[in-house]
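Shown below: entry-v4.txt, with compact mmCIF, C-alpha atoms.
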# COMPACT_ATOMS: atom_id res chain seq x y z
CA MET A 1 33.12 -28.22 24.78
CA LYS A 2 32.21 -24.60 24.06
CA THR A 3 31.33 -22.60 27.19
CA PHE A 4 28.46 -20.15 27.34
CA ASP A 5 29.66 -16.54 27.31
CA LYS A 6 26.87 -14.68 29.11
CA GLN A 7 28.21 -11.18 28.46
CA ALA A 8 28.76 -11.81 24.75
CA ALA A 9 25.27 -13.29 24.39
CA LEU A 10 23.77 -10.33 26.23
CA ALA A 11 25.56 -7.79 24.03
CA THR A 12 24.60 -9.65 20.84
CA THR A 13 20.90 -9.78 21.71
CA VAL A 14 20.58 -6.20 22.95
CA ALA A 15 22.30 -4.90 19.80
CA ASP A 16 19.86 -6.77 17.55
CA PRO A 17 16.90 -4.57 16.46
CA ARG A 18 14.63 -7.60 16.76
CA TRP A 19 15.05 -7.51 20.54
CA ALA A 20 13.11 -4.23 20.67
CA ALA A 21 10.18 -5.93 18.91
CA VAL A 22 10.26 -8.77 21.45
CA GLN A 23 10.32 -6.34 24.35
CA ALA A 24 7.36 -4.45 22.86
CA ARG A 25 5.57 -7.71 22.03
CA ASP A 26 5.00 -6.21 18.62
CA ALA A 27 2.43 -8.32 16.76
CA ARG A 28 3.42 -6.56 13.54
CA ALA A 29 6.71 -8.48 13.67
CA ASP A 30 4.99 -11.86 13.88
CA GLY A 31 6.00 -14.05 10.97
CA SER A 32 9.13 -12.04 10.17
CA PHE A 33 11.20 -13.89 12.78
CA PHE A 34 10.99 -16.10 15.89
CA TYR A 35 13.02 -16.13 19.09
CA SER A 36 14.10 -19.01 21.34
CA VAL A 37 14.91 -19.08 25.04
CA ARG A 38 17.87 -21.22 26.01
CA THR A 39 16.74 -21.85 29.59
CA THR A 40 13.22 -23.08 28.70
CA GLY A 41 13.97 -24.81 25.41
CA VAL A 42 11.03 -23.19 23.62
CA TYR A 43 10.69 -20.72 20.76
CA CYS A 44 8.05 -18.01 20.45
CA ARG A 45 6.55 -15.32 18.30
CA PRO A 46 7.69 -11.72 18.94
CA SER A 47 4.24 -10.95 20.37
CA CYS A 48 4.21 -13.84 22.86
CA ALA A 49 2.62 -12.81 26.16
CA ALA A 50 4.76 -15.20 28.21
CA ARG A 51 7.03 -13.94 30.97
CA PRO A 52 9.85 -11.86 29.41
CA ALA A 53 13.08 -13.76 28.83
CA ARG A 54 16.49 -12.49 29.88
CA PRO A 55 18.29 -11.21 26.76
CA GLU A 56 21.41 -13.32 27.32
CA ASN A 57 19.22 -16.44 26.93
CA VAL A 58 17.58 -15.34 23.69
CA ALA A 59 18.46 -16.28 20.12
CA PHE A 60 16.70 -15.28 16.91
CA HIS A 61 15.54 -17.50 14.05
CA ALA A 62 14.28 -16.67 10.56
CA SER A 63 11.62 -19.40 10.64
CA ALA A 64 9.91 -21.87 12.96
CA ALA A 65 11.63 -24.71 11.12
CA GLU A 66 15.03 -23.17 11.82
CA ALA A 67 14.21 -22.89 15.53
CA GLU A 68 13.12 -26.52 15.66
CA ARG A 69 16.26 -27.66 13.85
CA ALA A 70 18.20 -25.90 16.60
CA GLY A 71 16.45 -28.14 19.14
CA PHE A 72 13.68 -25.85 20.42
CA ARG A 73 10.02 -26.79 20.77
CA PRO A 74 7.04 -24.48 20.07
CA CYS A 75 5.66 -22.39 22.91
CA LYS A 76 2.28 -23.68 24.08
CA ARG A 77 1.06 -20.14 24.73
CA CYS A 78 1.67 -18.36 21.41
CA LYS A 79 1.75 -21.55 19.26
CA PRO A 80 4.40 -20.31 16.80
CA ASP A 81 4.13 -23.49 14.71
CA GLN A 82 0.54 -22.59 13.79
CA LEU A 83 -0.91 -19.70 11.86
CA SER A 84 -1.06 -16.54 13.92
CA LEU A 85 -4.38 -14.81 14.39
CA ALA A 86 -3.25 -12.16 11.91
CA GLU A 87 -2.36 -14.86 9.37
CA GLN A 88 -5.70 -16.59 9.95
CA HIS A 89 -7.48 -13.31 9.36
CA ALA A 90 -5.41 -12.64 6.25
CA ALA A 91 -6.28 -16.08 4.82
CA MET A 92 -9.96 -15.58 5.65
CA VAL A 93 -10.05 -12.15 4.01
CA THR A 94 -8.16 -13.42 0.97
CA ALA A 95 -10.81 -16.13 0.51
CA ALA A 96 -13.54 -13.51 0.83
CA CYS A 97 -11.84 -11.30 -1.76
CA ARG A 98 -11.66 -14.22 -4.19
CA ALA A 99 -15.36 -14.91 -3.56
CA ILE A 100 -16.21 -11.28 -4.35
CA GLU A 101 -14.12 -11.37 -7.54
CA GLN A 102 -15.61 -14.62 -8.81
CA ALA A 103 -19.27 -13.89 -8.00
CA GLU A 104 -21.60 -12.71 -10.76
CA THR A 105 -23.33 -10.40 -8.30
CA THR A 106 -21.84 -8.93 -5.13
CA PRO A 107 -22.26 -11.35 -2.17
CA THR A 108 -24.01 -10.04 0.92
CA LEU A 109 -22.05 -9.45 4.11
CA GLU A 110 -23.77 -12.48 5.65
CA GLN A 111 -22.71 -14.70 2.74
CA LEU A 112 -19.11 -13.53 3.01
CA ALA A 113 -18.98 -14.02 6.78
CA ARG A 114 -20.55 -17.51 6.84
CA PRO A 115 -17.43 -19.58 5.90
CA SER A 116 -15.36 -17.82 8.58
CA GLY A 117 -17.72 -18.68 11.42
CA LEU A 118 -17.68 -15.04 12.52
CA SER A 119 -20.69 -12.80 12.91
CA PRO A 120 -21.23 -10.36 10.02
CA PHE A 121 -20.26 -7.47 12.32
CA HIS A 122 -17.02 -9.16 13.46
CA PHE A 123 -16.18 -10.22 9.90
CA HIS A 124 -16.75 -6.67 8.62
CA ARG A 125 -14.38 -5.29 11.28
CA VAL A 126 -11.66 -7.88 10.49
CA PHE A 127 -11.99 -7.34 6.72
CA LYS A 128 -11.52 -3.60 7.07
CA ALA A 129 -8.60 -4.03 9.47
CA VAL A 130 -6.80 -6.29 6.99
CA THR A 131 -7.57 -4.50 3.71
CA GLY A 132 -8.17 -0.93 4.81
CA VAL A 133 -11.54 -0.95 3.04
CA THR A 134 -14.94 -2.47 3.76
CA PRO A 135 -16.22 -5.51 1.82
CA LYS A 136 -18.60 -3.19 -0.03
CA GLN A 137 -15.78 -0.82 -0.97
CA TYR A 138 -13.63 -3.73 -2.14
CA ALA A 139 -16.48 -5.06 -4.27
CA THR A 140 -17.04 -1.60 -5.74
CA ALA A 141 -13.35 -1.24 -6.58
CA HIS A 142 -13.29 -4.68 -8.19
CA ARG A 143 -16.37 -3.96 -10.29
CA SER A 144 -14.89 -0.63 -11.30
CA ARG A 145 -11.70 -2.35 -12.43
CA ARG A 146 -13.74 -4.86 -14.47
CA VAL A 147 -15.62 -2.02 -16.13
CA ARG A 148 -12.35 -0.27 -17.02
CA ASN A 149 -10.86 -3.47 -18.42
CA GLN A 150 -13.93 -4.17 -20.54
CA LEU A 151 -14.09 -0.63 -21.87
CA GLU A 152 -10.39 -0.72 -22.74
CA ARG A 153 -10.98 -3.95 -24.69
CA GLY A 154 -13.62 -2.24 -26.78
CA ALA A 155 -16.79 -3.62 -25.20
CA SER A 156 -19.90 -1.49 -25.35
CA VAL A 157 -20.72 0.53 -22.27
CA THR A 158 -23.80 -1.59 -21.54
CA GLU A 159 -21.85 -4.85 -21.91
CA ALA A 160 -19.12 -3.59 -19.63
CA ILE A 161 -21.57 -2.50 -16.94
CA PHE A 162 -23.51 -5.76 -16.76
CA ASP A 163 -20.43 -7.96 -17.17
CA ALA A 164 -18.95 -6.25 -14.11
CA GLY A 165 -21.93 -7.36 -12.02
CA TYR A 166 -24.05 -4.20 -11.86
CA ASN A 167 -27.74 -5.09 -11.69
CA ALA A 168 -28.77 -1.90 -13.45
CA SER A 169 -26.92 0.65 -15.51
CA SER A 170 -28.37 3.44 -13.37
CA ARG A 171 -26.45 2.11 -10.33
CA PHE A 172 -23.19 2.43 -12.22
CA TYR A 173 -23.89 5.83 -13.76
CA GLU A 174 -24.53 7.24 -10.26
CA THR A 175 -20.82 6.77 -9.49
CA ALA A 176 -19.30 6.70 -12.97
CA ASN A 177 -17.38 9.93 -12.58
CA GLN A 178 -15.83 8.78 -9.29
CA VAL A 179 -14.96 5.39 -10.81
CA LEU A 180 -13.56 6.53 -14.16
CA GLY A 181 -12.94 10.23 -13.74
CA MET A 182 -15.22 10.84 -16.73
CA THR A 183 -18.26 9.37 -18.47
CA PRO A 184 -18.04 5.68 -19.53
CA SER A 185 -18.26 6.58 -23.21
CA SER A 186 -15.40 9.06 -22.82
CA TYR A 187 -13.27 6.49 -21.00
CA ARG A 188 -13.94 3.92 -23.73
CA ALA A 189 -12.84 6.50 -26.28
CA GLY A 190 -9.54 7.01 -24.50
CA GLY A 191 -10.62 10.04 -22.54
CA ALA A 192 -12.37 11.88 -25.36
CA ASP A 193 -14.35 14.90 -24.22
CA SER A 194 -12.57 14.97 -20.85
CA GLU A 195 -10.34 17.86 -19.93
CA ILE A 196 -7.01 17.65 -18.17
CA ARG A 197 -5.21 20.87 -17.41
CA PHE A 198 -1.48 20.73 -17.04
CA ALA A 199 1.59 22.88 -16.82
CA ILE A 200 5.31 22.13 -16.88
CA GLY A 201 7.80 23.94 -14.73
CA GLU A 202 11.33 23.61 -13.47
CA CYS A 203 12.67 22.80 -10.04
CA SER A 204 16.02 21.79 -8.63
CA LEU A 205 15.21 18.16 -9.45
CA GLY A 206 14.60 18.88 -13.12
CA ALA A 207 11.39 19.26 -15.09
CA ILE A 208 8.04 18.84 -13.33
CA LEU A 209 4.56 18.36 -14.78
CA VAL A 210 1.41 18.86 -12.73
CA ALA A 211 -1.92 17.74 -14.25
CA GLN A 212 -5.40 18.19 -12.86
CA SER A 213 -8.76 16.66 -13.78
CA GLU A 214 -12.13 17.89 -12.59
CA ARG A 215 -11.64 15.79 -9.44
CA GLY A 216 -8.19 16.96 -8.44
CA VAL A 217 -4.50 16.63 -9.22
CA CYS A 218 -4.11 13.38 -11.16
CA ALA A 219 -0.39 13.44 -11.98
CA ILE A 220 2.83 14.96 -10.69
CA LEU A 221 5.65 13.78 -12.93
CA LEU A 222 9.38 14.43 -12.62
CA GLY A 223 12.05 14.03 -15.27
CA ASP A 224 14.82 15.53 -17.34
CA ASP A 225 12.88 16.18 -20.56
CA PRO A 226 9.72 18.36 -20.44
CA ASP A 227 8.54 16.95 -23.77
CA ALA A 228 8.83 13.41 -22.44
CA LEU A 229 6.67 14.32 -19.47
CA ALA A 230 4.00 15.74 -21.76
CA ARG A 231 4.08 12.59 -23.90
CA ASP A 232 3.76 10.46 -20.77
CA LEU A 233 0.60 12.35 -19.79
CA GLN A 234 -0.79 12.09 -23.31
CA ASP A 235 -0.20 8.32 -23.34
CA ARG A 236 -2.50 7.98 -20.32
CA PHE A 237 -5.41 9.75 -22.06
CA PRO A 238 -4.64 9.79 -25.79
CA LYS A 239 -7.98 11.38 -26.71
CA ALA A 240 -8.44 13.72 -23.76
CA ARG A 241 -8.28 17.45 -24.27
CA LEU A 242 -4.99 18.44 -22.72
CA ILE A 243 -5.19 22.12 -21.93
CA GLY A 244 -2.14 24.14 -21.01
CA GLY A 245 -2.56 25.86 -17.69
CA ASP A 246 -3.08 29.59 -17.51
CA HIS A 247 -1.41 31.98 -15.08
CA ASP A 248 -3.70 30.96 -12.20
CA TYR A 249 -3.05 27.26 -12.82
CA GLU A 250 0.68 27.81 -12.83
CA ARG A 251 0.34 28.87 -9.20
CA LEU A 252 -0.51 25.24 -8.48
CA VAL A 253 2.74 24.15 -10.10
CA ALA A 254 4.57 26.76 -8.05
CA GLN A 255 2.97 25.34 -4.91
CA VAL A 256 4.27 21.85 -5.71
CA VAL A 257 7.71 23.19 -6.61
CA GLY A 258 7.75 25.15 -3.35
CA PHE A 259 7.09 21.97 -1.39
CA ILE A 260 9.89 20.13 -3.20
CA GLU A 261 12.34 22.90 -2.39
CA ALA A 262 11.14 23.42 1.19
CA PRO A 263 9.25 20.33 2.51
CA ALA A 264 8.53 22.00 5.84
CA ILE A 265 5.77 24.12 4.25
CA GLY A 266 3.66 21.00 3.61
CA LEU A 267 1.46 20.12 0.65
CA ASP A 268 -2.33 19.95 0.83
CA LEU A 269 -3.94 19.38 -2.55
CA PRO A 270 -7.20 17.77 -3.73
CA LEU A 271 -6.06 14.55 -5.40
CA ASP A 272 -7.61 12.41 -8.11
CA VAL A 273 -6.17 9.07 -6.98
CA ARG A 274 -7.00 6.07 -9.14
CA GLY A 275 -5.85 2.55 -8.44
CA THR A 276 -6.83 -0.90 -7.26
CA ALA A 277 -8.05 -1.48 -3.72
CA PHE A 278 -4.59 -2.79 -2.78
CA GLN A 279 -2.81 0.19 -4.33
CA GLN A 280 -5.14 2.54 -2.48
CA ARG A 281 -4.23 0.86 0.81
CA VAL A 282 -0.52 1.17 0.09
CA TRP A 283 -0.78 4.80 -1.02
CA ARG A 284 -2.84 5.65 2.06
CA ALA A 285 -0.11 4.13 4.26
CA LEU A 286 2.55 6.12 2.41
CA ARG A 287 0.76 9.38 3.13
CA GLU A 288 0.87 8.52 6.84
CA ILE A 289 4.71 8.43 6.87
CA PRO A 290 5.80 11.75 8.42
CA ALA A 291 8.19 13.97 6.47
CA GLY A 292 11.72 13.24 7.57
CA SER A 293 10.90 9.60 8.30
CA THR A 294 11.14 6.44 6.19
CA ALA A 295 9.60 2.98 6.24
CA SER A 296 10.65 -0.26 4.59
CA TYR A 297 8.57 -2.08 2.00
CA SER A 298 8.05 -4.96 4.45
CA GLU A 299 6.97 -2.51 7.17
CA ILE A 300 4.36 -1.00 4.86
CA ALA A 301 3.16 -4.51 4.03
CA ARG A 302 2.68 -5.22 7.73
CA ARG A 303 0.93 -1.89 8.31
CA ILE A 304 -1.73 -2.68 5.72
CA GLY A 305 -2.24 -6.18 7.11
CA SER A 306 -0.49 -8.06 4.28
CA PRO A 307 2.94 -8.95 5.74
CA LYS A 308 3.87 -11.22 2.84
CA ALA A 309 3.00 -8.70 0.13
CA THR A 310 6.34 -6.87 0.13
CA ARG A 311 6.81 -7.25 -3.62
CA ALA A 312 3.25 -6.08 -4.31
CA VAL A 313 3.90 -3.03 -2.12
CA ALA A 314 6.97 -2.22 -4.22
CA GLN A 315 4.89 -2.54 -7.40
CA ALA A 316 2.25 -0.20 -5.97
CA CYS A 317 4.97 2.34 -5.19
CA ALA A 318 6.24 2.05 -8.76
CA SER A 319 2.70 2.64 -10.09
CA ASN A 320 2.29 5.91 -8.20
CA LEU A 321 1.86 8.87 -10.57
CA LEU A 322 1.67 11.52 -7.88
CA ALA A 323 5.27 12.24 -6.94
CA VAL A 324 5.71 13.87 -3.48
CA ALA A 325 1.93 14.11 -2.95
CA ILE A 326 1.96 10.34 -2.36
CA PRO A 327 5.47 10.09 -0.90
CA CYS A 328 6.75 6.78 -2.27
CA HIS A 329 10.25 8.26 -1.94
CA ARG A 330 9.98 7.63 1.83
CA VAL A 331 10.00 3.84 1.32
CA VAL A 332 13.41 2.18 1.57
CA ARG A 333 14.91 -1.30 1.73
CA ASN A 334 15.00 -3.20 5.03
CA ASP A 335 18.64 -2.21 5.47
CA GLY A 336 17.79 1.47 4.94
CA GLY A 337 19.28 1.54 1.44
CA LEU A 338 17.61 3.35 -1.43
CA SER A 339 16.03 1.10 -4.03
CA GLY A 340 14.37 1.93 -7.33
CA TYR A 341 12.30 5.08 -7.68
CA ARG A 342 10.07 5.88 -10.64
CA TRP A 343 11.80 9.22 -11.10
CA GLY A 344 15.35 8.14 -10.31
CA VAL A 345 17.24 7.20 -7.15
CA GLN A 346 19.14 10.51 -7.15
CA ARG A 347 15.88 12.43 -6.88
CA LYS A 348 14.76 10.09 -4.10
CA ARG A 349 17.95 10.75 -2.18
CA ALA A 350 17.61 14.52 -2.65
CA LEU A 351 14.00 14.52 -1.40
CA LEU A 352 14.90 12.50 1.70
CA GLU A 353 17.87 14.71 2.51
CA ARG A 354 15.74 17.85 2.30
CA GLU A 355 13.02 16.39 4.48
CA ALA A 356 15.61 15.27 7.05
CA GLN A 357 17.03 18.80 7.21
CA ALA A 358 13.55 20.33 7.51
File written out as structure tokens:
Amino acid sequence: MKTFDKQAALATTVADPRWAAVQARDARADGSFFYSVRTTGVYCRPSCAARPARPENVAFHASAAEAERAGFRPCKRCKPDQLSLAEQHAAMVTAACRAIEQAETTPTLEQLARPSGLSPFHFHRVFKAVTGVTPKQYATAHRSRRVRNQLERGASVTEAIFDAGYNASSRFYETANQVLGMTPSSYRAGGADSEIRFAIGECSLGAILVAQSERGVCAILLGDDPDALARDLQDRFPKARLIGGDHDYERLVAQVVGFIEAPAIGLDLPLDVRGTAFQQRVWRALREIPAGSTASYSEIARRIGSPKATRAVAQACASNLLAVAIPCHRVVRNDGGLSGYRWGVQRKRALLEREAQA
């Protein structure tokens, strides 16, 4: 019969990074693993408020089912065999998002809150905590996306507006520039009559293109071939007027290049950020990662309240067109390794090394 080696068990648990989450009762780790206590025969969530267990009695499990197969029963306090409060909220908000997307007209806050059993105020607070946006902002983003899709398919402006759920065209035109970055007719025409200023420079990472619309910097692209960068920009707005930057505009490029070469100086630019509500949440979380630090894709997913959306987070990072301004290079694999980067893993490594030194 195998004897229990207390010292070995203690060393194993303390060396495991999951033990720190248990000690901190970190609710963000809920769902990513469970821990069992040998002396009580129960397993818990990382955030369990029960009396702290001694580390030599703790073991970690990838799932509740794994813990139960090992002979442990669920804790009656944190109920690890049931959905956590965060998971309940995520499911509730997901249902509300689907209701918004499927409705012909935007549901009221009271209508969205009713199925959850929460008050409209409480529901509003939970929705924003999970998604990073209010129900109204989510509905606006969804309608905007429907307008863009319809215009890209060739629908008339009026058809696109009413199909997206706007009660009157005037309501849409009030925010059309913020939604599309240009007038609806210009967007439908592939950006005709809109102006995008750009300039291409060189930095130690290769060629760099910086483009700016009336709203702010809309693209920072890196690559080996300056012509390829220009074609990439043109593909986004095939009928826009692409205007080469003058001497004053090239100072903006120099500012971006300066940040790449010396991250400690910081970068504060007006940005024209366009994306889905989910992408906006991810990109906002990326901008909160301090220079010199990194976060994993799963950690970002937990920060935005969608712990199971790791793959979607990775896709949002890959869709980012604003290199360094939205620092997707600071996102790494769970083991700290460097995964894919839109502008090449070598550039990602170089950016991280410079920020670490700064």
Could you write out as AutoDock Vina command-line options the box around segment 195-208 of chain A (axis-aligned, all atoms listed in the file, 3 Å on each side), with centre and edge lengths in Å to one decimal?
--center_x 2.8 --center_y 20.8 --center_z -14.3 --size_x 32.4 --size_y 12.3 --size_z 17.3
Tell me, as a list in words, which residues lie within 10 Å of Lys136 of chain A, counting all atoms listed in the file; anything in the same chain fewer than 2 positions away does not count. Ile100, Thr106, Pro107, Thr108, Leu109, His124, Val133, Thr134, Tyr138, Ala139, Thr140, Ala141 and His142 of chain A
Of the candidates A:Val324, A:Leu233, A:Ala291, A:Ala207, which shows the shortest atom-to-atom distance to Val256 of chain A, using all atoms listed in the file?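 Closest to Val256 of chain A, using all atoms listed in the file: A:Val324.
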For each of A:Glu355, A:His247, A:Leu322, A:His61, take the minimum atom-to-atom distance to Gly266 of chain A, counting only C-alpha atoms, then give the residue where this is smallest.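 Ranking A:Glu355, A:His247, A:Leu322, A:His61 by distance to Gly266 of chain A, first place goes to A:Glu355.
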Ala211 of chain A surroundings by only C-alpha atoms, 7 Å radius, close-in-sequence under 4 positions cut, as a list of chain:residue names: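 Answer for this query is A:Ile196, A:Arg197, A:Phe198, A:Ala199, A:Val217, A:Cys218, A:Ala219, A:Ile220.
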Pull the neighbourhood of (8.1, 18.4, -2.1) for me: all residues within 10 Å in file coordinates, counting only C-alpha atoms, as a list in words.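 Using only C-alpha atoms, the matching residues come out as Gln255, Val256, Val257, Gly258, Phe259, Ile260, Glu261, Ala262, Pro263, Ala264, Ile265, Gly266, Leu267, Ala291, Ala323, Val324, Ala325, Pro327, Leu351, Leu352, Arg354 and Glu355 of chain A.
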Distance atom CA of Arg114 of chain A-atom CA of Ala95 of chain A, one decimal place? 11.7 Å
Quick one: pull the distance between atom CA of Gln279 of chain A and atom CA of Glu110 of chain A, Å, one decimal.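 Taking atom CA of Gln279 of chain A and atom CA of Glu110 of chain A, their separation equals 26.4 Å.
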Between atom CA of Leu286 of chain A and atom CA of Arg330 of chain A, what distance in Å does the model show, to one decimal?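 Distance between the two atoms: 7.6 Å.
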Could you list, with a cut-off of 12 Å and counting all atoms listed in the file, the residues of segment 221-307 of chain A near segment 14-38 of chain A, each shown with its nearest atom pair and the distance in Å rounded to one decimal, rows sorted by chain and ascending number, as JSON lines?
{"residue": "A:Ser298", "atom": "CA", "partner": "A:Ser32", "partner_atom": "CA", "distance": 9.2}
{"residue": "A:Glu299", "atom": "CA", "partner": "A:Arg28", "partner_atom": "CA", "distance": 8.3}
{"residue": "A:Ile300", "atom": "CA", "partner": "A:Arg28", "partner_atom": "CA", "distance": 10.4}
{"residue": "A:Ala301", "atom": "CA", "partner": "A:Arg28", "partner_atom": "CA", "distance": 9.7}
{"residue": "A:Arg302", "atom": "CA", "partner": "A:Arg28", "partner_atom": "CA", "distance": 6.0}
{"residue": "A:Arg303", "atom": "CA", "partner": "A:Arg28", "partner_atom": "CA", "distance": 7.4}
{"residue": "A:Ile304", "atom": "CA", "partner": "A:Arg28", "partner_atom": "CA", "distance": 10.1}
{"residue": "A:Gly305", "atom": "CA", "partner": "A:Arg28", "partner_atom": "CA", "distance": 8.6}
{"residue": "A:Ser306", "atom": "CA", "partner": "A:Arg28", "partner_atom": "CA", "distance": 10.2}
{"residue": "A:Pro307", "atom": "CA", "partner": "A:Gly31", "partner_atom": "CA", "distance": 7.9}
Just checking: using only C-alpha atoms, which residue out of A:Arg241, A:Asp235, A:Leu229, A:His329 ends up closest to Ser194 of chain A?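 Smallest distance to Ser194 of chain A is found for A:Arg241.
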Nearest to Arg281 of chain A, chosen from A:Cys328, A:Ala99, A:Val130, A:Ile200, with only C-alpha atoms counted in the distances: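 Nearest to Arg281 of chain A: A:Val130.
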Polymer residues at most 7 Å from (20.3, 5.9, -0.2) by all atoms listed in the file, as a VMD selection string: chain A and resid 337 to 338 349
As a PDB file, in the frame of the given file, please: segment 133-140 of chain A completed to all heavy atoms.
ATOM      1  N   VAL A 133     -10.265  -1.318   3.643  1.00  0.00           N
ATOM      2  CA  VAL A 133     -11.540  -0.950   3.040  1.00  0.00           C
ATOM      3  C   VAL A 133     -12.597  -1.933   3.519  1.00  0.00           C
ATOM      4  O   VAL A 133     -12.282  -3.011   4.019  1.00  0.00           O
ATOM      5  CB  VAL A 133     -11.484  -0.963   1.494  1.00  0.00           C
ATOM      6  CG1 VAL A 133     -10.528   0.084   0.972  1.00  0.00           C
ATOM      7  CG2 VAL A 133     -11.091  -2.345   0.975  1.00  0.00           C
ATOM      8  N   THR A 134     -13.853  -1.572   3.390  1.00  0.00           N
ATOM      9  CA  THR A 134     -14.940  -2.470   3.760  1.00  0.00           C
ATOM     10  C   THR A 134     -15.181  -3.468   2.628  1.00  0.00           C
ATOM     11  O   THR A 134     -14.743  -3.249   1.488  1.00  0.00           O
ATOM     12  CB  THR A 134     -16.232  -1.691   4.018  1.00  0.00           C
ATOM     13  OG1 THR A 134     -16.676  -1.100   2.772  1.00  0.00           O
ATOM     14  CG2 THR A 134     -16.024  -0.589   5.041  1.00  0.00           C
ATOM     15  N   PRO A 135     -15.889  -4.586   2.901  1.00  0.00           N
ATOM     16  CA  PRO A 135     -16.220  -5.510   1.820  1.00  0.00           C
ATOM     17  C   PRO A 135     -16.964  -4.837   0.664  1.00  0.00           C
ATOM     18  O   PRO A 135     -16.708  -5.112  -0.501  1.00  0.00           O
ATOM     19  CB  PRO A 135     -17.101  -6.562   2.512  1.00  0.00           C
ATOM     20  CG  PRO A 135     -16.645  -6.540   3.938  1.00  0.00           C
ATOM     21  CD  PRO A 135     -16.316  -5.103   4.220  1.00  0.00           C
ATOM     22  N   LYS A 136     -17.851  -3.908   1.003  1.00  0.00           N
ATOM     23  CA  LYS A 136     -18.600  -3.190  -0.030  1.00  0.00           C
ATOM     24  C   LYS A 136     -17.665  -2.338  -0.878  1.00  0.00           C
ATOM     25  O   LYS A 136     -17.776  -2.304  -2.111  1.00  0.00           O
ATOM     26  CB  LYS A 136     -19.687  -2.319   0.610  1.00  0.00           C
ATOM     27  CG  LYS A 136     -20.546  -1.575  -0.409  1.00  0.00           C
ATOM     28  CD  LYS A 136     -21.641  -0.784   0.282  1.00  0.00           C
ATOM     29  CE  LYS A 136     -22.501  -0.022  -0.735  1.00  0.00           C
ATOM     30  NZ  LYS A 136     -23.581   0.759  -0.061  1.00  0.00           N
ATOM     31  N   GLN A 137     -16.731  -1.652  -0.225  1.00  0.00           N
ATOM     32  CA  GLN A 137     -15.780  -0.820  -0.970  1.00  0.00           C
ATOM     33  C   GLN A 137     -14.870  -1.680  -1.848  1.00  0.00           C
ATOM     34  O   GLN A 137     -14.538  -1.290  -2.963  1.00  0.00           O
ATOM     35  CB  GLN A 137     -14.953   0.009   0.007  1.00  0.00           C
ATOM     36  CG  GLN A 137     -15.736   1.114   0.694  1.00  0.00           C
ATOM     37  CD  GLN A 137     -14.959   1.761   1.830  1.00  0.00           C
ATOM     38  OE1 GLN A 137     -14.119   1.131   2.467  1.00  0.00           O
ATOM     39  NE2 GLN A 137     -15.242   3.034   2.098  1.00  0.00           N
ATOM     40  N   TYR A 138     -14.466  -2.836  -1.335  1.00  0.00           N
ATOM     41  CA  TYR A 138     -13.630  -3.730  -2.140  1.00  0.00           C
ATOM     42  C   TYR A 138     -14.395  -4.206  -3.365  1.00  0.00           C
ATOM     43  O   TYR A 138     -13.862  -4.236  -4.480  1.00  0.00           O
ATOM     44  CB  TYR A 138     -13.169  -4.928  -1.313  1.00  0.00           C
ATOM     45  CG  TYR A 138     -12.215  -5.828  -2.076  1.00  0.00           C
ATOM     46  CD1 TYR A 138     -10.850  -5.602  -2.051  1.00  0.00           C
ATOM     47  CD2 TYR A 138     -12.702  -6.891  -2.839  1.00  0.00           C
ATOM     48  CE1 TYR A 138      -9.978  -6.409  -2.766  1.00  0.00           C
ATOM     49  CE2 TYR A 138     -11.843  -7.698  -3.567  1.00  0.00           C
ATOM     50  CZ  TYR A 138     -10.481  -7.454  -3.522  1.00  0.00           C
ATOM     51  OH  TYR A 138      -9.621  -8.242  -4.244  1.00  0.00           O
ATOM     52  N   ALA A 139     -15.659  -4.596  -3.154  1.00  0.00           N
ATOM     53  CA  ALA A 139     -16.480  -5.060  -4.270  1.00  0.00           C
ATOM     54  C   ALA A 139     -16.674  -3.951  -5.304  1.00  0.00           C
ATOM     55  O   ALA A 139     -16.615  -4.196  -6.524  1.00  0.00           O
ATOM     56  CB  ALA A 139     -17.836  -5.551  -3.759  1.00  0.00           C
ATOM     57  N   THR A 140     -16.884  -2.742  -4.839  1.00  0.00           N
ATOM     58  CA  THR A 140     -17.040  -1.600  -5.740  1.00  0.00           C
ATOM     59  C   THR A 140     -15.772  -1.367  -6.557  1.00  0.00           C
ATOM     60  O   THR A 140     -15.825  -1.136  -7.767  1.00  0.00           O
ATOM     61  CB  THR A 140     -17.406  -0.334  -4.954  1.00  0.00           C
ATOM     62  OG1 THR A 140     -18.641  -0.534  -4.261  1.00  0.00           O
ATOM     63  CG2 THR A 140     -17.536   0.867  -5.877  1.00  0.00           C
TER      64      THR A 140
END
